[in-house]
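Engineer: Got a structure for you, written out below as structure tokens; questions coming shortly.
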Amino acid sequence: MVNATPSLATKIGKLELNYPTLMGSGCYGSGEEFAPFADLSKIGGVVLKSVTRLPRLGNSTPRLVHTPAGMLNAIGLQNPGIDWYLERELHKYANRPCKIVGSVAGFSVDDYADVCRRLAQRDEIEAIELNVSCPNVASEGETFGCYPDLTARVVEAARATTDKTLIVKLSPNVTDITAVARRAESCGADALAVINTVRGMAIDVDAWRPRLGNVTGGLSGPAIRPIAVLAVYEVAAAVKIPIVGQGGIETVTDALEFFLAGATAISIGTANFTDPRIPQRIVAELEQYLRVRGVGSLAEIVGRANMGISNAHQYEGDEG
Amino acid sequence: MVNATPSLATKIGKLELNYPTLMGSGCYGSGEEFAPFADLSKIGGVVLKSVTRLPRLGNSTPRLVHTPAGMLNAIGLQNPGIDWYLERELHKYANRPCKIVGSVAGFSVDDYADVCRRLAQRDEIEAIELNVSCPNVASEGETFGCYPDLTARVVEAARATTDKTLIVKLSPNVTDITAVARRAESCGADALAVINTVRGMAIDVDAWRPRLGNVTGGLSGPAIRPIAVLAVYEVAAAVKIPIVGQGGIETVTDALEFFLAGATAISIGTANFTDPRIPQRIVAELEQYLRVRGVGSLAEIVGRANMGISNAHQYEGDEG
Amino acid sequence: MALLDLHPRMHVATVLEHSEPANGTHVLSLDAPDLARATRAGQYVMVVPPSGEAAATALAIYDNSGNRASVLFFVTGKRTRELAAVEAGDSLALAGPLGNGFDLSRGARDVAIVAGGVGIASVWICARELLARGARVRLFYGARTAEMLVEAQRFADAGCELILTTDDGSCGERGFVTDALARASMPQEILACGPSPMLRRVGEIARERGVLAQLSLEETFGCGVGGCWGCVVPLVASSAQAPGFPPADAGGSDVVYARICKEGPVFWAHELRW
Amino acid sequence: MALLDLHPRMHVATVLEHSEPANGTHVLSLDAPDLARATRAGQYVMVVPPSGEAAATALAIYDNSGNRASVLFFVTGKRTRELAAVEAGDSLALAGPLGNGFDLSRGARDVAIVAGGVGIASVWICARELLARGARVRLFYGARTAEMLVEAQRFADAGCELILTTDDGSCGERGFVTDALARASMPQEILACGPSPMLRRVGEIARERGVLAQLSLEETFGCGVGGCWGCVVPLVASSAQAPGFPPADAGGSDVVYARICKEGPVFWAHELRW
Ligand SMILES: Cc1cc2nc3c(=O)[nH]c(=O)nc-3n(C[C@H](O)[C@H](O)[C@H](O)COP(=O)(O)OP(=O)(O)OC[C@H]3O[C@@H](n4cnc5c(N)ncnc54)[C@H](O)[C@@H]3O)c2cc1C
Ligand SMILES: Cc1cc2nc3c(=O)[nH]c(=O)nc-3n(C[C@H](O)[C@H](O)[C@H](O)COP(=O)(O)OP(=O)(O)OC[C@H]3O[C@@H](n4cnc5c(N)ncnc54)[C@H](O)[C@@H]3O)c2cc1C
Ligand SMILES: Cc1cc2nc3c(=O)[nH]c(=O)nc-3n(C[C@H](O)[C@H](O)[C@H](O)COP(=O)(O)O)c2cc1C
Ligand SMILES: Cc1cc2nc3c(=O)[nH]c(=O)nc-3n(C[C@H](O)[C@H](O)[C@H](O)COP(=O)(O)O)c2cc1C
Ligand code: FES
Ligand code: FES
């Protein structure tokens with residue numbers, strides 16, 4: 001037992017992964033960009049950069065700012081639009097040694113449904129992630145993912161277009177993430193990605209202006225890990241569908257926090273900007289961690305740290 | 001002009017500060033604890049640890065966990081209750097070389113009103129901060145500060161009890177902090193403290209349980225600075241009352257980000273755990289920064305980085 | 001350093017010596033006369049990280065002789081790793097002395113000091129002072145391996161009777177230091193510092209055998225000076241060390257959380273309710 | 001290092017030498033034969049921070065002679081401060097060579113290289129190769145002060161004609177390096193690397209005088225390998241370097257954002273729309 005190789009294989013809806021590690025959307029290109037530096041056959045899969053119905057030039061520059069233990073980004077969903085994407089790009093992503101997950105972003109419910117349907121028809125794509133965390137132009141900067149009802153409409157519409165695995169990516173910028181999670185589940189999501197970036201900004205104190213061309217950006221990296229671990233912990237208690245945990249994962253210890261909090265798989269984004277060898281290292285050390293503890297499979301530890309929120313309170317606890 | 005000493009004096013409602021630096025509630029005791037290590041005459045004031053109507057033992061341990069560029073805390077508002085506090089403690093805080101701001105926490109609207117009224121009657125207290133970021137036991141873990149209407153009721157009730165400066169401390173754990181800010185303003189708040197800690201958790205991967213006795217905690221320190229700067233930036237555009245900016249301030253550059261985003265004063269908490277000399281250093285370097293730029297007073301730079309959220313978008317910008 | 005003149009307990013000290021008595025164990029000796037002079041047995045300092053990129057680290061004042069203050073630490077994470085990179089000639093900012101140390105006022109003639117691992121750093125000054133007044137001092141000292149029983153010889157040379165234990169039996173008895181204590185003849189008083197499980201057991205033994213024990217506790221610190229209430233331990237409200245809190249009959253409690261950094265780090269075993 | 005065998009462009013190299021040609025300017029020379037061999041003029045590497053606590057840092061490959069690859073950098077913040085602490089004997093992980101370098105294929109006989117500040121690190125290999133094929137190479141090199149005109153002598157010794165400028169006039173002409181360029185007789189081609197304002201001006205001069213110019217750009221990088229679209233610059237869609245994007249009449253655009261790390265860092269001045 002202690003010497004058997006523990007199984008790291010995992011399943012997200014119909015998506016079967018040899019390794020529980022997805023590469024975060026927008027951080028890993030199509031995988032090809034990292035192939036010279038990392039072994040794609042040792043990762044679970046790549047979530048492609050989000051694609052939209054129409055072409056998007058993306059935001060003005062700068063698009064990135066480094067912050068303490070993290071990074072702000074405001075790319076603006078630069079992409080050639082679904083038509084061009086399907087005709088000229090997607091075929092390049094075939095025959096990868098890992099799974100390919102498409103990511104869909106939109107500015108209306110129809111956007112999501114339309115792009116999701118067309119993307120899902122393609123064999124290169126094994127599952128689809130709905131990025132409901134980009135501004136809903138209709139309602140000025142608000143994001144679908146911040147409102148349970150808007151999220152529900154997007155998920156319902158997308159669900160109707162495909163049987164492939166649908167992963168709904170939740171925004172942390174909400175009062176109660178479990179409310180959004182429950183609606184996504186009840187509307188047919190197969191899994192939830194928790195969390196997308198946290199909204200933030202940085203200011204240039206010499207120029208007296210925001211550092212990002214887009215003024216605001218999304219915070220990622222280790223700085224947001226405690227926020228992400230809690231989100232996974234709370235969502236895991238609220239839904240039955242699998243969770244892809246993400247937000248600042250850099251080491252096996254970080255990864256384990258997410259699995260113990262209730263994630264069935266994890267996603268690694270910003271850490272690839274520090275060292276492209278990290279995903280493979282995490283897989284190797286996960287195997288080692290399970291082996292020395294005589295745990296046969298990763299599945300056995302998922303959610304094991306979950307003791308509810310109140311159990312641990314000695315007196316009405318709070319965070320003051 | 002370039003050689004004149006720039007003025008750092010600032011005003012929060014009726015509260016006049018020689019320096020724009022408050023020490024964060026719960027981080028600096030009553031000031032006395034730090035007196036052997038820092039010069040209290042070189043800080044604007046101390047915000048006292050939040051006090052509640054009844055005595056509170058606080059949360060079980062551990063109450064603190066270090067995280068990347070930050071810290072999680074779950075103290076649980078340990079305090080002897082307002083009666084004991086007024087009888088046996090407050091008098092010790094008189095004759096400080098800096099201003100003393102009381103902090104009130106509660107679990108019902110009446111709690112806030114009652115404690116605020118009694119605290120405000122005391123001469124030791126020059127202003128009161130309403131910490132509306134602790135769980136509302138009535139509605140299971142929700143916090144007043146996460147709901148505009150609950151916040152409004154607390155502020156109205158507290159406002160009715162005193163003419164002293166009322167600072168309402170906002171929670172960042174909301175979908176739209178400006179909605180809460182506007183209600184607080186319209187209900188009579190003299191100023192807003194932005195932000196309190198961000199909810200998070202950490203897990204012990206050897207013991208397979210949460211690291212904090214309270215399971216969840218509040219994230220503070222540089223990790224949350226980008227989140228805090230954006231909150232100040234957005235709230236400054238939404239209200240007319242002054243803002244006390246806070247969240248991860250460690251250096252003069254950090255402080256300037258908050259002033260340029262729209263804060264009239266700042267609050268320093270966790271940084272005191274790194275080096276108690278930081279607040280005094282920031283004041284000295286702020287003076288220097290203004291002098292070399294020939295800026296006569298701090299007031300002249302408040303909000304100067306604010307260019308709205310949309311201006312900078314080259315195309316529908318977003319944070320994808 | 002105008003800043004500092006104002007603040008008698010904030011120091012900027014030059015590192016005179018950096019030694020590594022065992023792999024991963026470091027001793028920094030600082031030129032800090034004021035700090036050394038003010039230090040009492042069992043007190044500690046908060047060391048400001050040179051990078052400024054972490055919370056200050058609580059370290060016991062290991063020794064305070066000859067105008068020097070020294071600290072002894074294990075590398076266990078980011079902050080101690082950073083301190084391990086400090087070199088002689090560098091300067092370190094630190095606050096202290098902090099906390100209430102061991103109470104040696106009752107003049108016990110036969111004392112047992114129990115140290116687990118890096119807990120040894122908190123008891124050298126005690127041992128030295130007790131020996132100086134002619135007391136019998138037995139040091140019960142446990143560590144993982146022989147190599148980690150750092151500084152043992154120093155205590156022996158000073159006149160302590162050593163009872164050593166290691167987890168792997170590589171030196172002294174194999175097993176827990178508290179087992180050795182339990183088998184020994186009881187002293188008039190016990191002073192202990194080490195991991196919580198060890199301290200709890202010392203407390204039990206002291207109670208069973210009717211001996212007074214002082215325990216130096218550890219917790220994750222925030223401010224380290226009493227300002228944040230992050231470092232607490234449950235204490236009987238009747239303790240002289242208990243912070244002000246209403247009694248049970250007034251809506252308060254008979255057991256309250258005391259700050260390890262301020263009311264402690266040393267507590268009477270019989271007053272703890274952990 | 002099984003990990004690495006699989007990945008021809010991920011290297012773990014030993015630092016053979018660490019020199020500091022000027023205060024705050026460092027040169028690390030690495031034992032990296034494969035990297036050195038594969039390097040073309042104008043390419044760069046992403047250096048993994050030893051602490052693992054920051055994003056990798058993009059650094060030009062300054063030199064690639066004799067099985068060594070070296071980088072030259074200014075200490076400007078957290079990451080370069082960390083790299084400045086690396087010592088000979090340490091090993092560094094780095095990815096590269098990355099990006100498309102300068103295009104030297106047209107075999108110009110008279111070339112002007114314009115370098116501003118640390119931009120000098122990107123042009124040594126160019127100069128060496130151009131001189132080797134017998135071209136006339138003028139180096140227009142500007143910096144804040146004489147001391148910051150690092151490595152100038154090396155270019156002179158190799159046969160470059162030096163035109164130096166400093167902001168304070170402490171060496172060469174006082175003022176902007178681009179003013180010196182504007183006054184000079186035009187070369188057949190210009191290669192430039194430095195701060196954006198300098199590069200924009202070089203582009204203007206090249207346009208006015210009808211000379212081809214290649215500019216090596218800089219932006220804050222994320223991945224550094226084309227995966228995140230964080231490092232872009234507006235480019236005419238008709239450029240051979242432009243990423244795939246629908247034309248304006250198909251709902252796209254005639255100007256698109258190209259990735260400096262992937263399509264660049266070197267671009268034709270006349271194709272930029274910044
Ligand atoms: C009053 C007081 C006095 C102290 N005196 C000393 C002293 O004299 N010498 C000293 O070395 N430490 C001492 N400590 C402990 C020291 O402050 C902490 O270990 C501190 O957390 C080290 O910081 P770090 O960032 O290096 O490790 P952190 O990253 O903060 O955490 C240490 C990590 O290693 C684990 N860990 C903690 N301690 C140990 C250990 N001893 N062995 C193995 N793993 C461990 C923890 O679980 C944690 O994961 C004292 C603490 C207090 C409260
Ligand atoms: C393709 C490419 C090649 C590069 N090659 C080199 C190289 O060969 N050598 C090199 O030194 N750098 C090079 N750079 C720049 C280097 O990657 C950045 O300066 C990097 O940000 C340094 O990281 P840091 O954390 O030390 O500084 P950061 O904290 O990331 O930021 C630098 C800080 O200092 C300021 N700053 C940035 N550059 C300078 C400067 N030159 N002088 C003064 N202030 C500055 C910035 O505004 C910022 O505030 C290159 C960048 C790119 C994109
Ligand atoms: C530069 C960058 C671009 C991103 N683009 C997208 C995107 O297009 N769609 C999306 O769903 N998430 C996007 N993300 C979010 C990441 O996929 C991931 O959810 C987030 O960064 C948290 O994980 P991390 O801390 O490991 O990066 C992006 C993140 C970064 C840093
Ligand atoms: C240990 C600790 C205890 C705190 N207790 C309180 C409190 O009682 N009331 C309150 O309003 N804020 C409390 N806070 C929040 C701080 O006042 C401050 O708003 C927050 O930490 C962000 O600022 P910082 O990053 O500078 O610490 C506490 C923070 C910490 C770290
Ligand atoms: S660590 Fe802050 S009170 Fe003890
Ligand atoms: S830095 Fe990621 S695409 Fe250029």
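In the structure tokens, chains take the letters A, B, ... in the order shown, each chain's residues start at 1, and ligands count up from 1 in the order shown.
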Give me, as a count of residues only, all polymer residues having an atom no more than 10 Å from B:Thr151, counting only C-alpha atoms and skipping those fewer than 3 positions away in the same chain.

Structural biologist: 20

Engineer: If DSSP is run on the backbone, what residues of stretch 65-208 of chain C are strand (DSSP E)? A reply as an NGL selection string would be ideal.

Structural biologist: :C and (68-74 or 91-98 or 110-116 or 136-143 or 161-166 or 173-174 or 189-193)

Engineer: Give me, as an mmCIF file with N, CA and C atoms, in the first residue's frame, all polymer residues having an atom no more than 12 Å from A:Tyr289, counting only C-alpha atoms and skipping those fewer than 5 positions away in the same chain.

Structural biologist:
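Output file part_4.cif follows:
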```cif
data_model
loop_
_atom_site.group_PDB
_atom_site.id
_atom_site.type_symbol
_atom_site.label_atom_id
_atom_site.label_comp_id
_atom_site.auth_asym_id
_atom_site.auth_seq_id
_atom_site.Cartn_x
_atom_site.Cartn_y
_atom_site.Cartn_z
ATOM 1 N N VAL A 2 1.740 1.341 0.997
ATOM 2 C CA VAL A 2 2.593 2.529 1.090
ATOM 3 C C VAL A 2 3.474 2.669 -0.148
ATOM 4 N N ASN A 3 3.748 1.515 -0.805
ATOM 5 C CA ASN A 3 4.648 1.606 -1.942
ATOM 6 C C ASN A 3 3.934 1.701 -3.283
ATOM 7 N N THR A 5 1.852 3.179 -6.264
ATOM 8 C CA THR A 5 1.760 4.561 -6.730
ATOM 9 C C THR A 5 0.324 5.045 -6.591
ATOM 10 N N PRO A 6 0.105 6.081 -5.796
ATOM 11 C CA PRO A 6 -1.264 6.563 -5.589
ATOM 12 C C PRO A 6 -1.820 7.120 -6.898
ATOM 13 N N SER A 7 -3.130 7.020 -7.058
ATOM 14 C CA SER A 7 -3.750 7.522 -8.277
ATOM 15 C C SER A 7 -4.082 9.004 -8.155
ATOM 16 N N LEU A 8 -3.645 9.759 -9.152
ATOM 17 C CA LEU A 8 -3.958 11.192 -9.177
ATOM 18 C C LEU A 8 -5.043 11.485 -10.210
ATOM 19 N N VAL A 252 3.093 22.174 -3.641
ATOM 20 C CA VAL A 252 2.236 21.035 -3.302
ATOM 21 C C VAL A 252 1.401 21.350 -2.062
ATOM 22 N N THR A 253 1.970 22.109 -1.138
ATOM 23 C CA THR A 253 1.227 22.481 0.067
ATOM 24 C C THR A 253 0.022 23.344 -0.299
ATOM 25 N N ALA A 255 -1.496 23.344 -3.152
ATOM 26 C CA ALA A 255 -2.448 22.469 -3.849
ATOM 27 C C ALA A 255 -3.259 21.664 -2.839
ATOM 28 N N LEU A 256 -2.582 21.151 -1.819
ATOM 29 C CA LEU A 256 -3.264 20.325 -0.816
ATOM 30 C C LEU A 256 -4.312 21.120 -0.048
ATOM 31 N N ILE A 282 4.504 19.885 -8.734
ATOM 32 C CA ILE A 282 3.370 19.677 -7.827
ATOM 33 C C ILE A 282 2.824 18.262 -7.971
ATOM 34 N N VAL A 283 2.703 17.779 -9.217
ATOM 35 C CA VAL A 283 2.199 16.425 -9.440
ATOM 36 C C VAL A 283 3.118 15.396 -8.785
ATOM 37 N N ALA A 284 4.422 15.562 -8.984
ATOM 38 C CA ALA A 284 5.383 14.611 -8.406
ATOM 39 C C ALA A 284 5.298 14.617 -6.878
ATOM 40 N N GLY A 294 0.302 6.584 2.835
ATOM 41 C CA GLY A 294 -0.447 5.375 2.531
ATOM 42 C C GLY A 294 -1.856 5.658 2.030
ATOM 43 N N VAL A 295 -2.035 6.805 1.385
ATOM 44 C CA VAL A 295 -3.339 7.126 0.805
ATOM 45 C C VAL A 295 -3.334 6.666 -0.649
ATOM 46 N N GLY A 296 -4.327 5.847 -1.011
ATOM 47 C CA GLY A 296 -4.312 5.214 -2.324
ATOM 48 C C GLY A 296 -4.654 6.133 -3.477
ATOM 49 N N SER A 297 -5.502 7.102 -3.213
ATOM 50 C CA SER A 297 -5.878 7.996 -4.312
ATOM 51 C C SER A 297 -6.197 9.386 -3.791
ATOM 52 N N LEU A 298 -5.985 10.357 -4.664
ATOM 53 C CA LEU A 298 -6.231 11.749 -4.308
ATOM 54 C C LEU A 298 -7.661 11.943 -3.819
ATOM 55 N N ILE A 301 -8.708 12.325 -0.127
ATOM 56 C CA ILE A 301 -8.469 13.473 0.766
ATOM 57 C C ILE A 301 -9.321 14.695 0.409
ATOM 58 N N VAL B 205 -2.045 21.236 6.210
ATOM 59 C CA VAL B 205 -2.088 20.047 5.351
ATOM 60 C C VAL B 205 -1.486 18.813 6.022
ATOM 61 N N ASP B 206 -0.963 18.963 7.220
ATOM 62 C CA ASP B 206 -0.527 17.790 7.979
ATOM 63 C C ASP B 206 -1.666 17.312 8.867
#
```

Engineer: With 6 Å as the limit and counting only C-alpha atoms, what residues in chain B lie close to chain C? Please list them as a ChimeraX atom specification.

Structural biologist: /B:26-29,33,36-37,55,63-64,80,273-275

Engineer: Deliver the residues from the most recent selection as a file, using C-alpha atoms, as a CSV table (one decimal), in the first residue's frame.

Structural biologist:
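The resulting file, part-v3.csv, is reproduced below:
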```csv
chain,number,residue,atom,x,y,z
B,26,GLY,CA,-7.4,46.0,17.0
B,27,CYS,CA,-3.8,46.4,15.8
B,28,TYR,CA,-2.4,49.0,18.2
B,29,GLY,CA,-4.1,48.3,21.5
B,33,GLU,CA,1.3,49.1,24.2
B,36,PRO,CA,7.9,52.2,24.2
B,37,PHE,CA,8.6,51.6,20.5
B,55,PRO,CA,-18.1,40.9,27.4
B,63,ARG,CA,-6.1,33.3,16.2
B,64,LEU,CA,-3.4,34.3,13.7
B,80,PRO,CA,-14.7,43.1,28.6
B,273,PHE,CA,3.7,44.0,13.5
B,274,THR,CA,6.6,44.2,11.1
B,275,ASP,CA,8.2,47.4,12.5
```

Engineer: Taking only C-alpha atoms into account, find every residue of chain B that has an atom no more than 7 Å from chain A, and write it out as a VMD selection string.

Structural biologist: chain B and resid 58 to 60 68 to 69 73 to 77 134 to 135 146 173 to 175 199 to 203 205 208 to 210 213 to 215 217 to 218 222 to 223 226 to 227 229 to 230 253 256 to 257 260 304 to 305 309 312 to 315 317 to 320

Engineer: Just write the chosen residues, N, CA and C atoms, as a short mmCIF file (atom, residue, chain, number, x, y, z; two decimals), in the first residue's frame.

Structural biologist:
```cif
data_model
loop_
_atom_site.label_atom_id
_atom_site.label_comp_id
_atom_site.auth_asym_id
_atom_site.auth_seq_id
_atom_site.Cartn_x
_atom_site.Cartn_y
_atom_site.Cartn_z
N GLY B 58 -13.82 36.00 23.08
CA GLY B 58 -13.08 35.91 21.82
C GLY B 58 -12.98 34.48 21.35
N ASN B 59 -12.33 34.29 20.21
CA ASN B 59 -12.26 32.98 19.57
C ASN B 59 -11.23 32.08 20.20
N SER B 60 -11.39 30.78 19.93
CA SER B 60 -10.39 29.81 20.35
C SER B 60 -9.13 30.01 19.51
N PRO B 68 1.04 34.60 2.43
CA PRO B 68 1.94 35.37 1.57
C PRO B 68 1.61 36.87 1.57
N ALA B 69 2.59 37.67 1.99
CA ALA B 69 2.44 39.12 2.06
C ALA B 69 1.22 39.56 2.88
N ASN B 73 -6.47 36.89 10.58
CA ASN B 73 -6.74 36.96 12.01
C ASN B 73 -8.19 36.63 12.28
N ALA B 74 -8.40 36.00 13.44
CA ALA B 74 -9.76 35.71 13.91
C ALA B 74 -9.74 35.84 15.43
N ILE B 75 -9.69 37.09 15.87
CA ILE B 75 -9.60 37.36 17.30
C ILE B 75 -10.94 37.09 17.97
N GLY B 76 -12.01 37.50 17.29
CA GLY B 76 -13.34 37.28 17.87
C GLY B 76 -13.76 38.40 18.80
N LEU B 77 -13.22 39.62 18.53
CA LEU B 77 -13.65 40.79 19.30
C LEU B 77 -13.56 40.57 20.80
N CYS B 134 -18.65 42.70 11.63
CA CYS B 134 -18.61 41.48 12.42
C CYS B 134 -19.95 40.75 12.29
N PRO B 135 -19.96 39.43 12.45
CA PRO B 135 -21.15 38.66 12.12
C PRO B 135 -22.39 39.13 12.87
N CYS B 146 -22.23 44.08 4.95
CA CYS B 146 -22.38 43.48 3.62
C CYS B 146 -23.73 43.81 3.00
N ASN B 173 -16.06 42.62 1.55
CA ASN B 173 -16.64 41.34 1.13
C ASN B 173 -18.04 41.50 0.58
N VAL B 174 -18.15 42.37 -0.41
CA VAL B 174 -19.45 42.70 -0.99
C VAL B 174 -19.34 42.80 -2.51
N THR B 175 -20.51 42.69 -3.16
CA THR B 175 -20.54 42.79 -4.62
C THR B 175 -20.28 44.23 -5.05
N ARG B 199 -12.27 38.34 3.85
CA ARG B 199 -12.44 37.00 4.41
C ARG B 199 -11.55 35.97 3.72
N GLY B 200 -10.96 35.11 4.51
CA GLY B 200 -10.12 34.06 3.96
C GLY B 200 -9.88 32.95 4.95
N MET B 201 -9.16 31.92 4.55
CA MET B 201 -8.82 30.83 5.47
C MET B 201 -7.54 30.14 5.01
N ALA B 202 -6.94 29.40 5.91
CA ALA B 202 -5.76 28.60 5.59
C ALA B 202 -5.95 27.23 6.20
N ILE B 203 -5.37 26.22 5.57
CA ILE B 203 -5.56 24.84 6.02
C ILE B 203 -4.22 24.20 6.35
N VAL B 205 -2.05 21.24 6.21
CA VAL B 205 -2.09 20.05 5.35
C VAL B 205 -1.49 18.81 6.02
N TRP B 208 -4.82 18.20 8.45
CA TRP B 208 -6.08 18.15 7.70
C TRP B 208 -7.19 18.93 8.39
N ARG B 209 -6.85 20.08 8.96
CA ARG B 209 -7.90 20.97 9.45
C ARG B 209 -7.55 22.44 9.26
N PRO B 210 -8.56 23.31 9.38
CA PRO B 210 -8.30 24.74 9.25
C PRO B 210 -7.25 25.18 10.28
N GLY B 213 -8.58 28.68 14.83
CA GLY B 213 -9.59 28.11 15.71
C GLY B 213 -10.99 28.44 15.22
N ASN B 214 -11.13 29.60 14.60
CA ASN B 214 -12.42 30.07 14.11
C ASN B 214 -12.71 29.62 12.67
N VAL B 215 -11.83 28.77 12.13
CA VAL B 215 -11.93 28.29 10.74
C VAL B 215 -11.63 29.40 9.74
N GLY B 217 -11.01 33.62 8.75
CA GLY B 217 -10.42 34.81 9.36
C GLY B 217 -10.44 35.98 8.40
N GLY B 218 -9.83 37.07 8.83
CA GLY B 218 -9.78 38.27 8.00
C GLY B 218 -8.36 38.49 7.51
N PRO B 222 -0.05 43.71 3.00
CA PRO B 222 0.19 44.11 1.61
C PRO B 222 -0.58 43.29 0.57
N ALA B 223 -0.87 42.04 0.89
CA ALA B 223 -1.58 41.18 -0.07
C ALA B 223 -2.90 41.82 -0.51
N PRO B 226 -3.98 46.06 -3.28
CA PRO B 226 -4.65 46.41 -4.53
C PRO B 226 -6.17 46.40 -4.42
N ILE B 227 -6.70 45.52 -3.59
CA ILE B 227 -8.14 45.45 -3.37
C ILE B 227 -8.60 46.70 -2.63
N VAL B 229 -7.03 49.70 -2.44
CA VAL B 229 -6.85 50.92 -3.24
C VAL B 229 -8.03 51.10 -4.20
N LEU B 230 -8.46 50.01 -4.82
CA LEU B 230 -9.60 50.09 -5.72
C LEU B 230 -10.86 50.47 -4.96
N THR B 253 5.10 55.07 -0.33
CA THR B 253 4.51 54.82 -1.65
C THR B 253 3.12 54.21 -1.50
N LEU B 256 0.76 56.89 -0.41
CA LEU B 256 0.43 57.81 -1.50
C LEU B 256 -0.61 57.20 -2.45
N GLU B 257 -0.54 55.90 -2.67
CA GLU B 257 -1.55 55.25 -3.52
C GLU B 257 -2.95 55.55 -2.97
N LEU B 260 -3.85 59.40 -3.34
CA LEU B 260 -4.13 59.71 -4.75
C LEU B 260 -5.43 59.06 -5.19
N ARG B 304 -6.15 62.75 -6.68
CA ARG B 304 -5.61 63.23 -7.95
C ARG B 304 -5.41 62.15 -9.01
N ALA B 305 -5.45 60.90 -8.60
CA ALA B 305 -5.29 59.82 -9.60
C ALA B 305 -6.63 59.39 -10.16
N ILE B 309 -13.60 55.24 -14.05
CA ILE B 309 -13.28 53.85 -14.37
C ILE B 309 -13.23 53.65 -15.88
N ALA B 312 -10.24 55.28 -19.18
CA ALA B 312 -9.01 54.66 -19.63
C ALA B 312 -9.25 53.50 -20.59
N HIS B 313 -10.51 53.09 -20.72
CA HIS B 313 -10.75 51.94 -21.59
C HIS B 313 -10.53 52.32 -23.05
N GLN B 314 -9.69 51.57 -23.73
CA GLN B 314 -9.50 51.84 -25.15
C GLN B 314 -10.60 51.14 -25.93
N TYR B 315 -10.94 49.94 -25.48
CA TYR B 315 -12.08 49.19 -26.03
C TYR B 315 -12.82 48.74 -24.80
N GLY B 317 -13.20 47.74 -21.89
CA GLY B 317 -12.15 47.07 -21.11
C GLY B 317 -12.76 46.14 -20.08
N ASP B 318 -11.99 45.19 -19.64
CA ASP B 318 -12.44 44.37 -18.53
C ASP B 318 -11.22 43.70 -17.93
N GLU B 319 -11.47 42.83 -17.01
CA GLU B 319 -10.34 42.26 -16.27
C GLU B 319 -10.08 40.80 -16.63
N GLY B 320 -10.51 40.38 -17.82
CA GLY B 320 -10.35 38.95 -18.19
C GLY B 320 -8.92 38.56 -18.44
#
```

Engineer: When you look at D:Leu199 with a cut-off of 10 Å (counting only C-alpha atoms), what residues show up, excluding the ones that are within fewer than 6 positions of it in the same chain? I need them as a ChimeraX atom specification.

Structural biologist: /D:114-116,178,191-193,205,213-217,269

Engineer: I need the residue nearest B:Leu48 from this list: B:Ala299, B:Ile278, B:Val104, B:Ala157. Use only C-alpha atoms for the distance.

Structural biologist: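 Of the candidates, the smallest distance to B:Leu48 is held by B:Val104.
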
Engineer: Restricting the calculation to only C-alpha atoms: of C:Glu82, C:Gly107, C:Asn64, C:Ala206, which residue gets closest to chain D?

Structural biologist: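 Smallest distance to chain D is found for C:Glu82.
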
Engineer: What residues of the protein or nucleic acid chains come within 7 Å of ligand 2 when you use only C-alpha atoms and all ligand atoms? Reply as a VMD selection string.

Structural biologist: (chain A and resid 66) or (chain D and resid 44 57 to 62 71 to 81 117 to 119 121 to 122 217 to 221 261 265)

Engineer: At a cut-off of 10 Å, using only C-alpha atoms, what residues contact B:Asp123? Leave out same-chain residues fewer than 5 positions from it and give the result as a PyMOL selection string.

Structural biologist: chain B and resi 90-91+94+100

Engineer: Excluding D:Phe140 and its own-chain neighbours fewer than 4 positions away, which residues fall within 9 Å of it when counting only C-alpha atoms? Please give them as an NGL selection string.

Structural biologist: :D and (112-116 or 161-165 or 177-178 or 180-181)
